[in-house]
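Structure file protein_9.json (JSON, C-alpha atoms and all ligand atoms) follows.
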```
[["chain", "number", "residue", "atom", "x", "y", "z"],
["Z", 1, "MET", "CA", -49.18, -64.22, 38.72],
["Z", 2, "LYS", "CA", -48.05, -64.49, 35.12],
["Z", 3, "ILE", "CA", -44.46, -65.16, 34.11],
["Z", 4, "ILE", "CA", -42.53, -64.85, 30.86],
["Z", 5, "PHE", "CA", -39.28, -66.77, 31.06],
["Z", 6, "LEU", "CA", -36.72, -65.64, 28.48],
["Z", 7, "PHE", "CA", -34.05, -68.29, 28.13],
["Z", 8, "ILE", "CA", -31.13, -66.68, 26.29],
["Z", 9, "ASP", "CA", -28.33, -69.02, 25.24],
["Z", 10, "GLY", "CA", -24.68, -68.22, 25.82],
["Z", 11, "VAL", "CA", -24.70, -64.82, 27.57],
["Z", 12, "GLY", "CA", -22.41, -64.38, 30.56],
["Z", 13, "ILE", "CA", -21.34, -61.44, 32.69],
["Z", 14, "ARG", "CA", -17.89, -59.98, 32.26],
["Z", 15, "PRO", "CA", -16.33, -56.57, 32.95],
["Z", 16, "PRO", "CA", -16.16, -54.18, 29.96],
["Z", 17, "ALA", "CA", -13.58, -55.26, 27.37],
["Z", 18, "PRO", "CA", -12.99, -54.51, 23.68],
["Z", 19, "ASP", "CA", -14.27, -57.99, 22.74],
["Z", 20, "ASN", "CA", -17.35, -57.85, 25.01],
["Z", 21, "PRO", "CA", -20.39, -56.81, 22.95],
["Z", 22, "VAL", "CA", -22.68, -56.91, 26.00],
["Z", 23, "ASN", "CA", -22.31, -53.17, 26.57],
["Z", 24, "PRO", "CA", -24.77, -50.23, 26.74],
["Z", 25, "GLU", "CA", -24.01, -49.00, 23.25],
["Z", 26, "VAL", "CA", -25.01, -52.33, 21.70],
["Z", 27, "CYS", "CA", -27.77, -53.55, 24.03],
["Z", 28, "PRO", "CA", -28.86, -50.75, 26.39],
["Z", 29, "THR", "CA", -31.99, -52.48, 27.69],
["Z", 30, "LEU", "CA", -30.25, -55.76, 28.49],
["Z", 31, "CYS", "CA", -27.43, -53.87, 30.21],
["Z", 32, "ARG", "CA", -29.90, -51.83, 32.27],
["Z", 33, "LEU", "CA", -31.65, -55.04, 33.36],
["Z", 34, "ILE", "CA", -28.33, -56.63, 34.29],
["Z", 35, "LEU", "CA", -27.34, -53.53, 36.26],
["Z", 36, "GLN", "CA", -30.64, -52.90, 38.06],
["Z", 37, "HIS", "CA", -32.66, -56.12, 38.08],
["Z", 38, "SER", "CA", -30.26, -59.07, 38.09],
["Z", 39, "VAL", "CA", -27.98, -61.15, 40.23],
["Z", 40, "PRO", "CA", -24.94, -62.94, 38.81],
["Z", 41, "ILE", "CA", -25.45, -66.69, 39.19],
["Z", 42, "ASP", "CA", -23.20, -69.71, 38.84],
["Z", 43, "ALA", "CA", -23.43, -71.88, 35.72],
["Z", 44, "CYS", "CA", -20.36, -74.05, 36.47],
["Z", 45, "LEU", "CA", -22.26, -76.16, 39.01],
["Z", 46, "SER", "CA", -19.29, -77.52, 41.01],
["Z", 47, "THR", "CA", -17.96, -79.21, 37.88],
["Z", 48, "PRO", "CA", -14.61, -78.50, 36.17],
["Z", 49, "GLY", "CA", -14.40, -77.65, 32.48],
["Z", 50, "LEU", "CA", -16.55, -75.37, 30.36],
["Z", 51, "PRO", "CA", -20.30, -75.43, 31.01],
["Z", 52, "GLN", "CA", -22.36, -76.82, 28.12],
["Z", 53, "SER", "CA", -25.91, -76.66, 26.83],
["Z", 54, "ALA", "CA", -27.33, -80.13, 27.57],
["Z", 55, "THR", "CA", -26.38, -80.19, 31.24],
["Z", 56, "GLY", "CA", -26.84, -76.43, 31.78],
["Z", 57, "GLN", "CA", -30.35, -76.40, 30.34],
["Z", 58, "ALA", "CA", -31.29, -79.65, 32.07],
["Z", 59, "THR", "CA", -30.29, -78.03, 35.35],
["Z", 60, "MET", "CA", -32.22, -74.86, 34.58],
["Z", 61, "PHE", "CA", -35.43, -76.72, 33.77],
["Z", 62, "THR", "CA", -35.34, -79.55, 36.35],
["Z", 63, "GLY", "CA", -33.63, -78.12, 39.42],
["Z", 64, "MET", "CA", -31.20, -81.04, 39.65],
["Z", 65, "ASN", "CA", -27.46, -80.52, 39.21],
["Z", 66, "ALA", "CA", -27.12, -82.24, 35.83],
["Z", 67, "PRO", "CA", -23.30, -81.92, 35.44],
["Z", 68, "VAL", "CA", -22.85, -83.59, 38.84],
["Z", 69, "PHE", "CA", -25.37, -86.31, 37.85],
["Z", 70, "MET", "CA", -23.53, -86.91, 34.55],
["Z", 71, "GLY", "CA", -20.03, -86.46, 36.02],
["Z", 72, "ARG", "CA", -19.23, -83.75, 33.42],
["Z", 73, "HIS", "CA", -20.65, -80.92, 31.34],
["Z", 74, "CYS", "CA", -22.44, -82.40, 28.29],
["Z", 75, "GLU", "CA", -22.72, -80.56, 24.98],
["Z", 76, "GLY", "CA", -25.63, -80.10, 22.61],
["Z", 77, "PHE", "CA", -28.47, -82.59, 22.81],
["Z", 78, "PRO", "CA", -29.02, -84.69, 25.95],
["Z", 79, "GLY", "CA", -28.25, -88.42, 25.75],
["Z", 80, "PRO", "CA", -30.52, -91.23, 27.03],
["Z", 81, "SER", "CA", -29.83, -90.99, 30.78],
["Z", 82, "LEU", "CA", -30.18, -87.21, 30.87],
["Z", 83, "ARG", "CA", -33.30, -87.37, 28.67],
["Z", 84, "LYS", "CA", -34.86, -89.83, 31.13],
["Z", 85, "LYS", "CA", -34.20, -87.42, 34.03],
["Z", 86, "ILE", "CA", -35.81, -84.55, 32.10],
["Z", 87, "GLU", "CA", -38.79, -86.70, 31.14],
["Z", 88, "ASP", "CA", -39.34, -87.77, 34.77],
["Z", 89, "ALA", "CA", -39.50, -84.25, 36.22],
["Z", 90, "ASN", "CA", -39.27, -80.85, 34.57],
["Z", 91, "LEU", "CA", -40.64, -77.36, 34.94],
["Z", 92, "PHE", "CA", -43.49, -77.81, 32.42],
["Z", 93, "LEU", "CA", -44.66, -81.06, 34.05],
["Z", 94, "MET", "CA", -44.47, -79.63, 37.55],
["Z", 95, "LEU", "CA", -46.37, -76.47, 36.57],
["Z", 96, "LYS", "CA", -49.01, -78.59, 34.86],
["Z", 97, "SER", "CA", -49.44, -80.73, 37.98],
["Z", 98, "ARG", "CA", -50.15, -77.49, 39.88],
["Z", 99, "GLY", "CA", -52.90, -76.65, 37.41],
["Z", 100, "LYS", "CA", -50.97, -73.89, 35.62],
["Z", 101, "HIS", "CA", -51.44, -73.00, 31.97],
["Z", 102, "VAL", "CA", -48.07, -73.28, 30.24],
["Z", 103, "ARG", "CA", -46.91, -72.39, 26.73],
["Z", 104, "PHE", "CA", -43.62, -72.88, 24.93],
["Z", 105, "ALA", "CA", -43.77, -69.91, 22.58],
["Z", 106, "ASP", "CA", -41.04, -70.94, 20.11],
["Z", 107, "ALA", "CA", -42.60, -72.25, 16.91],
["Z", 108, "TYR", "CA", -41.62, -75.73, 15.78],
["Z", 109, "LEU", "CA", -42.04, -75.98, 12.01],
["Z", 110, "VAL", "CA", -44.14, -79.13, 12.28],
["Z", 111, "ASP", "CA", -47.83, -79.94, 11.85],
["Z", 112, "SER", "CA", -48.10, -81.86, 15.13],
["Z", 113, "SER", "CA", -46.17, -82.87, 18.24],
["Z", 114, "ASP", "CA", -45.99, -86.44, 16.84],
["Z", 115, "GLU", "CA", -43.87, -85.13, 13.99],
["Z", 116, "LEU", "CA", -41.62, -83.44, 16.55],
["Z", 117, "ALA", "CA", -41.36, -86.61, 18.65],
["Z", 118, "ALA", "CA", -40.08, -88.48, 15.60],
["Z", 119, "ARG", "CA", -37.03, -86.23, 15.29],
["Z", 120, "ARG", "CA", -33.79, -87.98, 16.10],
["Z", 121, "PHE", "CA", -32.00, -85.11, 17.88],
["Z", 122, "LYS", "CA", -33.89, -83.24, 20.56],
["Z", 123, "SER", "CA", -32.79, -80.30, 22.68],
["Z", 124, "VAL", "CA", -33.51, -80.14, 26.39],
["Z", 125, "THR", "CA", -36.47, -77.83, 25.80],
["Z", 126, "THR", "CA", -37.85, -80.17, 23.12],
["Z", 127, "VAL", "CA", -37.57, -83.20, 25.42],
["Z", 128, "MET", "CA", -39.31, -81.18, 28.13],
["Z", 129, "ALA", "CA", -42.04, -79.87, 25.81],
["Z", 130, "LEU", "CA", -42.83, -83.38, 24.55],
["Z", 131, "THR", "CA", -43.74, -84.41, 28.12],
["Z", 132, "THR", "CA", -46.56, -81.84, 27.94],
["Z", 133, "PRO", "CA", -47.43, -81.78, 24.21],
["Z", 134, "GLU", "CA", -50.25, -79.25, 24.68],
["Z", 135, "VAL", "CA", -47.66, -76.51, 25.32],
["Z", 136, "ILE", "CA", -46.04, -76.95, 21.88],
["Z", 137, "SER", "CA", -46.40, -74.31, 19.16],
["Z", 138, "THR", "CA", -46.54, -75.45, 15.52],
["Z", 139, "THR", "CA", -46.41, -73.87, 12.06],
["Z", 140, "ASP", "CA", -50.13, -73.10, 12.28],
["Z", 141, "ASP", "CA", -49.60, -71.14, 15.51],
["Z", 142, "LEU", "CA", -46.83, -69.15, 13.84],
["Z", 143, "MET", "CA", -49.12, -68.34, 10.89],
["Z", 144, "GLU", "CA", -51.65, -66.98, 13.40],
["Z", 145, "ASN", "CA", -49.01, -64.97, 15.31],
["Z", 146, "SER", "CA", -49.60, -67.25, 18.32],
["Z", 147, "ALA", "CA", -45.96, -68.34, 18.37],
["Z", 148, "VAL", "CA", -42.58, -66.70, 17.90],
["Z", 149, "MET", "CA", -39.79, -67.91, 15.63],
["Z", 150, "GLN", "CA", -36.47, -68.71, 17.32],
["Z", 151, "ASP", "CA", -34.79, -65.88, 15.33],
["Z", 152, "LEU", "CA", -37.57, -63.40, 16.28],
["Z", 153, "THR", "CA", -38.02, -61.98, 12.74],
["Z", 154, "ARG", "CA", -38.53, -65.23, 10.71],
["Z", 155, "GLU", "CA", -35.80, -64.20, 8.26],
["Z", 156, "THR", "CA", -34.09, -67.60, 8.60],
["Z", 157, "ILE", "CA", -37.17, -69.45, 7.28],
["Z", 158, "GLN", "CA", -37.97, -67.27, 4.27],
["Z", 159, "ASP", "CA", -36.45, -69.74, 1.81],
["Z", 160, "ARG", "CA", -38.78, -72.52, 3.02],
["Z", 161, "TYR", "CA", -41.81, -70.46, 4.10],
["Z", 162, "PRO", "CA", -42.05, -67.36, 1.89],
["Z", 163, "GLU", "CA", -45.75, -67.16, 2.77],
["Z", 164, "ILE", "CA", -44.94, -66.38, 6.42],
["Z", 165, "PRO", "CA", -44.12, -62.64, 6.50],
["Z", 166, "VAL", "CA", -40.98, -61.23, 8.06],
["Z", 167, "ILE", "CA", -41.76, -59.18, 11.18],
["Z", 168, "THR", "CA", -39.89, -56.67, 13.32],
["Z", 169, "PRO", "CA", -38.52, -57.61, 16.76],
["Z", 170, "GLU", "CA", -41.16, -55.26, 18.20],
["Z", 171, "ASN", "CA", -43.87, -57.30, 16.45],
["Z", 172, "ALA", "CA", -42.36, -60.47, 17.91],
["Z", 173, "ALA", "CA", -42.59, -58.89, 21.37],
["Z", 174, "ALA", "CA", -46.26, -58.08, 20.78],
["Z", 175, "HIS", "CA", -46.91, -61.67, 19.72],
["Z", 176, "LEU", "CA", -45.12, -63.07, 22.78],
["Z", 177, "PHE", "CA", -47.07, -60.73, 25.03],
["Z", 178, "GLY", "CA", -50.32, -61.92, 23.43],
["Z", 179, "ILE", "CA", -49.36, -65.51, 24.26],
["Z", 180, "ALA", "CA", -48.30, -64.65, 27.82],
["Z", 181, "ARG", "CA", -51.61, -62.94, 28.58],
["Z", 182, "LEU", "CA", -53.41, -66.25, 27.99],
["Z", 183, "ASN", "CA", -51.09, -68.36, 30.15],
["Z", 184, "ASP", "CA", -49.57, -68.50, 33.62],
["Z", 185, "PHE", "CA", -46.10, -69.39, 32.35],
["Z", 186, "THR", "CA", -44.64, -68.74, 28.90],
["Z", 187, "LEU", "CA", -41.14, -69.78, 27.83],
["Z", 188, "TYR", "CA", -39.28, -68.18, 24.95],
["Z", 189, "GLU", "CA", -35.87, -69.55, 23.97],
["Z", 190, "PHE", "CA", -33.35, -67.55, 21.91],
["Z", 191, "PHE", "CA", -30.08, -69.22, 20.89],
["Z", 192, "GLN", "CA", -28.72, -66.93, 18.17],
["Z", 193, "THR", "CA", -26.56, -65.32, 20.88],
["Z", 194, "ASP", "CA", -24.71, -68.61, 21.40],
["Z", 195, "VAL", "CA", -24.36, -69.17, 17.64],
["Z", 196, "ALA", "CA", -22.91, -65.67, 17.26],
["Z", 197, "GLY", "CA", -20.59, -66.27, 20.21],
["Z", 198, "HIS", "CA", -19.13, -69.36, 18.54],
["Z", 199, "SER", "CA", -18.60, -67.45, 15.28],
["Z", 200, "MET", "CA", -15.98, -65.13, 16.85],
["Z", 201, "ASP", "CA", -17.47, -62.43, 14.56],
["Z", 202, "TYR", "CA", -17.85, -59.31, 16.71],
["Z", 203, "ALA", "CA", -20.07, -57.45, 14.23],
["Z", 204, "ARG", "CA", -22.40, -60.44, 14.01],
["Z", 205, "ALA", "CA", -22.61, -60.64, 17.81],
["Z", 206, "CYS", "CA", -23.50, -56.93, 17.96],
["Z", 207, "ALA", "CA", -26.20, -57.38, 15.31],
["Z", 208, "VAL", "CA", -27.80, -60.26, 17.22],
["Z", 209, "LEU", "CA", -27.69, -58.39, 20.54],
["Z", 210, "ARG", "CA", -29.14, -55.22, 18.94],
["Z", 211, "LEU", "CA", -32.03, -57.20, 17.51],
["Z", 212, "TYR", "CA", -32.76, -58.94, 20.81],
["Z", 213, "ASP", "CA", -32.55, -55.62, 22.66],
["Z", 214, "LYS", "CA", -35.27, -54.07, 20.49],
["Z", 215, "PHE", "CA", -37.47, -57.07, 21.22],
["Z", 216, "LEU", "CA", -36.71, -56.82, 24.93],
["Z", 217, "ALA", "CA", -37.43, -53.09, 25.17],
["Z", 218, "ALA", "CA", -40.79, -53.53, 23.46],
["Z", 219, "LEU", "CA", -41.70, -56.56, 25.56],
["Z", 220, "LEU", "CA", -40.98, -54.71, 28.81],
["Z", 221, "ARG", "CA", -43.31, -51.87, 27.81],
["Z", 222, "PHE", "CA", -46.12, -54.43, 27.49],
["Z", 223, "THR", "CA", -45.32, -56.47, 30.59],
["Z", 224, "ARG", "CA", -44.87, -53.44, 32.85],
["Z", 225, "ALA", "CA", -48.34, -52.18, 31.96],
["Z", 226, "ALA", "CA", -49.86, -55.65, 32.44],
["Z", 227, "GLY", "CA", -48.05, -56.59, 35.67],
["Z", 228, "ILE", "CA", -46.37, -59.65, 34.16],
["Z", 229, "THR", "CA", -43.05, -60.78, 35.67],
["Z", 230, "VAL", "CA", -40.21, -61.31, 33.22],
["Z", 231, "LEU", "CA", -37.39, -63.69, 34.16],
["Z", 232, "MET", "CA", -34.30, -64.16, 32.07],
["Z", 233, "THR", "CA", -31.21, -66.32, 32.38],
["Z", 234, "ALA", "CA", -28.58, -68.15, 30.34],
["Z", 235, "ASP", "CA", -27.21, -71.70, 30.42],
["Z", 236, "HIS", "CA", -23.57, -70.54, 30.23],
["Z", 237, "GLY", "CA", -21.41, -67.66, 29.04],
["Z", 238, "ASN", "CA", -20.08, -67.28, 25.50],
["Z", 239, "ILE", "CA", -20.90, -64.05, 23.62],
["Z", 240, "GLU", "CA", -19.37, -61.81, 26.31],
["Z", 241, "GLU", "CA", -15.91, -63.09, 25.32],
["Z", 242, "MET", "CA", -15.70, -62.92, 21.53],
["Z", 243, "ASN", "CA", -11.95, -63.58, 21.38],
["Z", 244, "GLU", "CA", -12.66, -67.15, 22.57],
["Z", 245, "ARG", "CA", -14.63, -69.56, 20.38],
["Z", 246, "GLY", "CA", -15.95, -71.75, 23.19],
["Z", 247, "HIS", "CA", -18.16, -71.16, 26.21],
["Z", 248, "THR", "CA", -16.88, -69.39, 29.32],
["Z", 249, "ARG", "CA", -16.96, -70.04, 33.06],
["Z", 250, "ASN", "CA", -18.23, -66.53, 33.73],
["Z", 251, "PRO", "CA", -21.36, -66.12, 35.87],
["Z", 252, "VAL", "CA", -24.61, -65.61, 33.96],
["Z", 253, "PRO", "CA", -27.26, -63.00, 34.78],
["Z", 254, "PHE", "CA", -30.49, -64.03, 36.47],
["Z", 255, "ILE", "CA", -32.84, -61.16, 35.69],
["Z", 256, "ALA", "CA", -36.23, -60.66, 37.35],
["Z", 257, "ILE", "CA", -38.40, -57.63, 36.63],
["Z", 258, "GLY", "CA", -42.02, -57.18, 37.65],
["Z", 259, "PRO", "CA", -44.14, -58.45, 40.56],
["Z", 260, "ARG", "CA", -42.07, -60.38, 43.18],
["Z", 261, "GLU", "CA", -38.80, -59.62, 41.41],
["Z", 262, "GLU", "CA", -36.83, -59.21, 44.66],
["Z", 263, "GLU", "CA", -38.07, -62.59, 45.95],
["Z", 264, "PHE", "CA", -36.99, -64.27, 42.72],
["Z", 265, "ARG", "CA", -33.52, -62.73, 42.87],
["Z", 266, "ALA", "CA", -33.12, -63.64, 46.56],
["Z", 267, "ARG", "CA", -33.83, -67.31, 45.84],
["Z", 268, "VAL", "CA", -31.56, -67.89, 42.85],
["Z", 269, "LYS", "CA", -27.81, -68.35, 43.33],
["Z", 270, "SER", "CA", -27.12, -70.84, 40.54],
["Z", 271, "LEU", "CA", -28.94, -72.60, 37.69],
["Z", 272, "VAL", "CA", -30.09, -75.26, 40.19],
["Z", 273, "ASP", "CA", -32.36, -72.71, 41.90],
["Z", 274, "VAL", "CA", -34.28, -71.46, 38.85],
["Z", 275, "THR", "CA", -37.00, -74.13, 38.62],
["Z", 276, "PRO", "CA", -37.60, -74.34, 42.42],
["Z", 277, "ALA", "CA", -37.93, -70.53, 42.61],
["Z", 278, "ILE", "CA", -40.51, -70.47, 39.82],
["Z", 279, "LEU", "CA", -42.51, -73.30, 41.37],
["Z", 280, "ARG", "CA", -42.45, -71.57, 44.73],
["Z", 281, "LEU", "CA", -43.39, -68.07, 43.64],
["Z", 282, "ILE", "CA", -45.74, -68.48, 40.65],
["F", 301, "ZN", "ZN", -22.69, -73.14, 22.54]]
```
Is it possible to express this structure as C-alpha cells?
Ligand SMILES: [Zn+2]
Amino acid sequence: MKIIFLFIDGVGIRPPAPDNPVNPEVCPTLCRLILQHSVPIDACLSTPGLPQSATGQATMFTGMNAPVFMGRHCEGFPGPSLRKKIEDANLFLMLKSRGKHVRFADAYLVDSSDELAARRFKSVTTVMALTTPEVISTTDDLMENSAVMQDLTRETIQDRYPEIPVITPENAAAHLFGIARLNDFTLYEFFQTDVAGHSMDYARACAVLRLYDKFLAALLRFTRAAGITVLMTADHGNIEEMNERGHTRNPVPFIAIGPREEEFRARVKSLVDVTPAILRLI
C-alpha cells in the first residue's frame, strides 16, 4: 500500500466557538475529514503543561513517549539527548529497513543534504530525514516539481527565488501526488497553521486554513482514484483557540482515509501509536 502522511502543526479539536477557525465555512474538507474519518487522540502524553513541538513530533515519528523521556514538554528544536533518540530509531529509518521507498516531500532550499546537516538548528523532521539522506528534497527537486514548498504556493520564497514560479494549492497537491505515486511512504509537513495560531490574528488563521483546505480537497481527488491512503495528524493544538497565544491541551485529530483507514483509526489513541500503526499496516 501507499501512504501520504500529512503532518499539520498546531491543529487541535475543540467545540465550535467564535475564536475557532476550524469550522466548515473556513475549511470544509478538513472538517468533513475530522467528522467522518478521524479519531481524537491525546497529545499531552501523561505530562503536565502545554504540549510542544520537539517532544510532540519526536513522539509522532519514533513511537516513544518523548515528554516522559525528557520529563517535560520541549519546545522548538530538539536538544542533544532527544536528537540522539530520534537518530537511533525513527519512522524513516524503520521503513527503510523494511525495504520501503520513502520521501520527505518538503523542499529544503539547499543543494545537498550535507548543506542541510551543517545547519545549527534542526527540527525533528530534519534530524529524522538526515538519518536517511536519500529521502531529502532539495532546491533542484522543487524546480522540477518533485517537491513541495512548506507554504504550498512558494510565495514566501519569491524574494530569494523569483525564478521558481508561484503555484496554486491545487498544483501543490498534484505535485505531492506525483511524488507519492513513486514511493511507499511520503511525508508532507505544514507548519503555517501553528505560526498563524501564535499570531492571534483570526483572519490570518482563516486564510491559512482556506489555503490548506484547497490543497487537501485536490489531493483527496487524486488519492481516492489511485487507492492511496492519506493519514493526517498534529503535534498539539493551537489554531483552534485563537484567543490564546500558546498551544492547547485539546486532543488532536488522527485522520485516516483510503485503504485500511478503519484499522489505522482503531490502532491510534495518542501520538505514541502513530509510528507503530504505520509500520504495522503499510
Ligand atoms: Zn507552536
task: Within 7 Å of region 263-270 of chain Z, counting all atoms listed in the file, which residues show up once you throw out same-chain ones fewer than 6 positions away? Write them as a PyMOL selection string, please.
output: chain Z and resi 38-39+41-43+256+277
- prompt: With distances taken over all atoms listed in the file, which of Z:Leu271, Z:Val26, Z:Ile257, Z:Ile282 is nearest to Ser46 (chain Z)?
  reply: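 Smallest distance to Ser46 (chain Z) is found for Z:Leu271.
Distances to Pro253 (chain Z) were evaluated for Z:Arg72, Z:Arg120, Z:Lys214, Z:Arg32 using only C-alpha atoms, and the minimum falls at Z:Arg32.
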query: If you count all atoms listed in the file, which residues end up within 8 Å of ligand ZN 301 (chain F), as a ChimeraX atom specification?
result: /Z:9-10,52-53,75-76,194-195,197-198,238,246-247
- request: Rank Z:Pro24, Z:Pro259, Z:Pro162, Z:Pro48 by their smallest atom-to-atom distance to Met1 (chain Z), using all atoms listed in the file, and report the top residue only.
  value: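 Nearest candidate to Met1 (chain Z) out of Z:Pro24, Z:Pro259, Z:Pro162, Z:Pro48: Z:Pro259.
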message: Tell me which residues come within 9 Å of (-46.6, -79.2, 21.4), as a ChimeraX atom specification, counting all atoms listed in the file in the file's coordinates.
response: /Z:103-104,108,112-114,116,126,129-138
field: Shortest interatomic distance to Leu219 (chain Z) - which of Z:Asp141, Z:Asp201, Z:Glu261, Z:Glu170, counting all atoms listed in the file
entry: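 Smallest distance to Leu219 (chain Z) is found for Z:Glu170.
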- request: Between CA of Leu30 (chain Z) and CA of Ile239 (chain Z), measure the distance and give it in Å to one decimal.
  value: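 About the pair CA of Leu30 (chain Z) and CA of Ile239 (chain Z): they are 13.4 Å apart.
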Could you pull the residues within 8 Å of Leu231 (chain Z), counting only C-alpha atoms, minus those fewer than 6 positions along the same chain, as a tab-separated table (two decimals) with C-alpha atoms, in the frame of the given file?
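Written file, result.tsv:
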```
chain	number	residue	atom	x	y	z
Z	3	ILE	CA	-44.46	-65.16	34.11
Z	4	ILE	CA	-42.53	-64.85	30.86
Z	5	PHE	CA	-39.28	-66.77	31.06
Z	6	LEU	CA	-36.72	-65.64	28.48
Z	254	PHE	CA	-30.49	-64.03	36.47
Z	255	ILE	CA	-32.84	-61.16	35.69
Z	256	ALA	CA	-36.23	-60.66	37.35
Z	257	ILE	CA	-38.40	-57.63	36.63
```
query: Which one of Z:Ile8, Z:Thr233, Z:Phe190, Z:Leu182 sits closest to Thr275 (chain Z) if you count all atoms listed in the file?
result: Z:Thr233
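All residues of protein, DNA or RNA that reach within 10 Å of Pro67 (chain Z), judged by all atoms listed in the file and not counting those fewer than 2 positions away in the chain, are Cys44, Leu45, Ser46, Thr47, Pro48, Pro51, Gln52, Ala54, Thr55, Gly56, Ala58, Thr59, Met64, Asn65, Phe69, Met70, Gly71, Arg72, His73, Cys74 and Leu82 of chain Z.
Here CA of Cys31 (chain Z) and CA of His236 (chain Z) stand 17.1 Å from one another.
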query: So, counting all atoms listed in the file, which residue among Z:Met242, Z:Val22, Z:Met128, Z:Leu279 is closest to Ser199 (chain Z)?
result: Z:Met242
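CA of Arg249 (chain Z) lies 6.0 Å from CA of Leu50 (chain Z).
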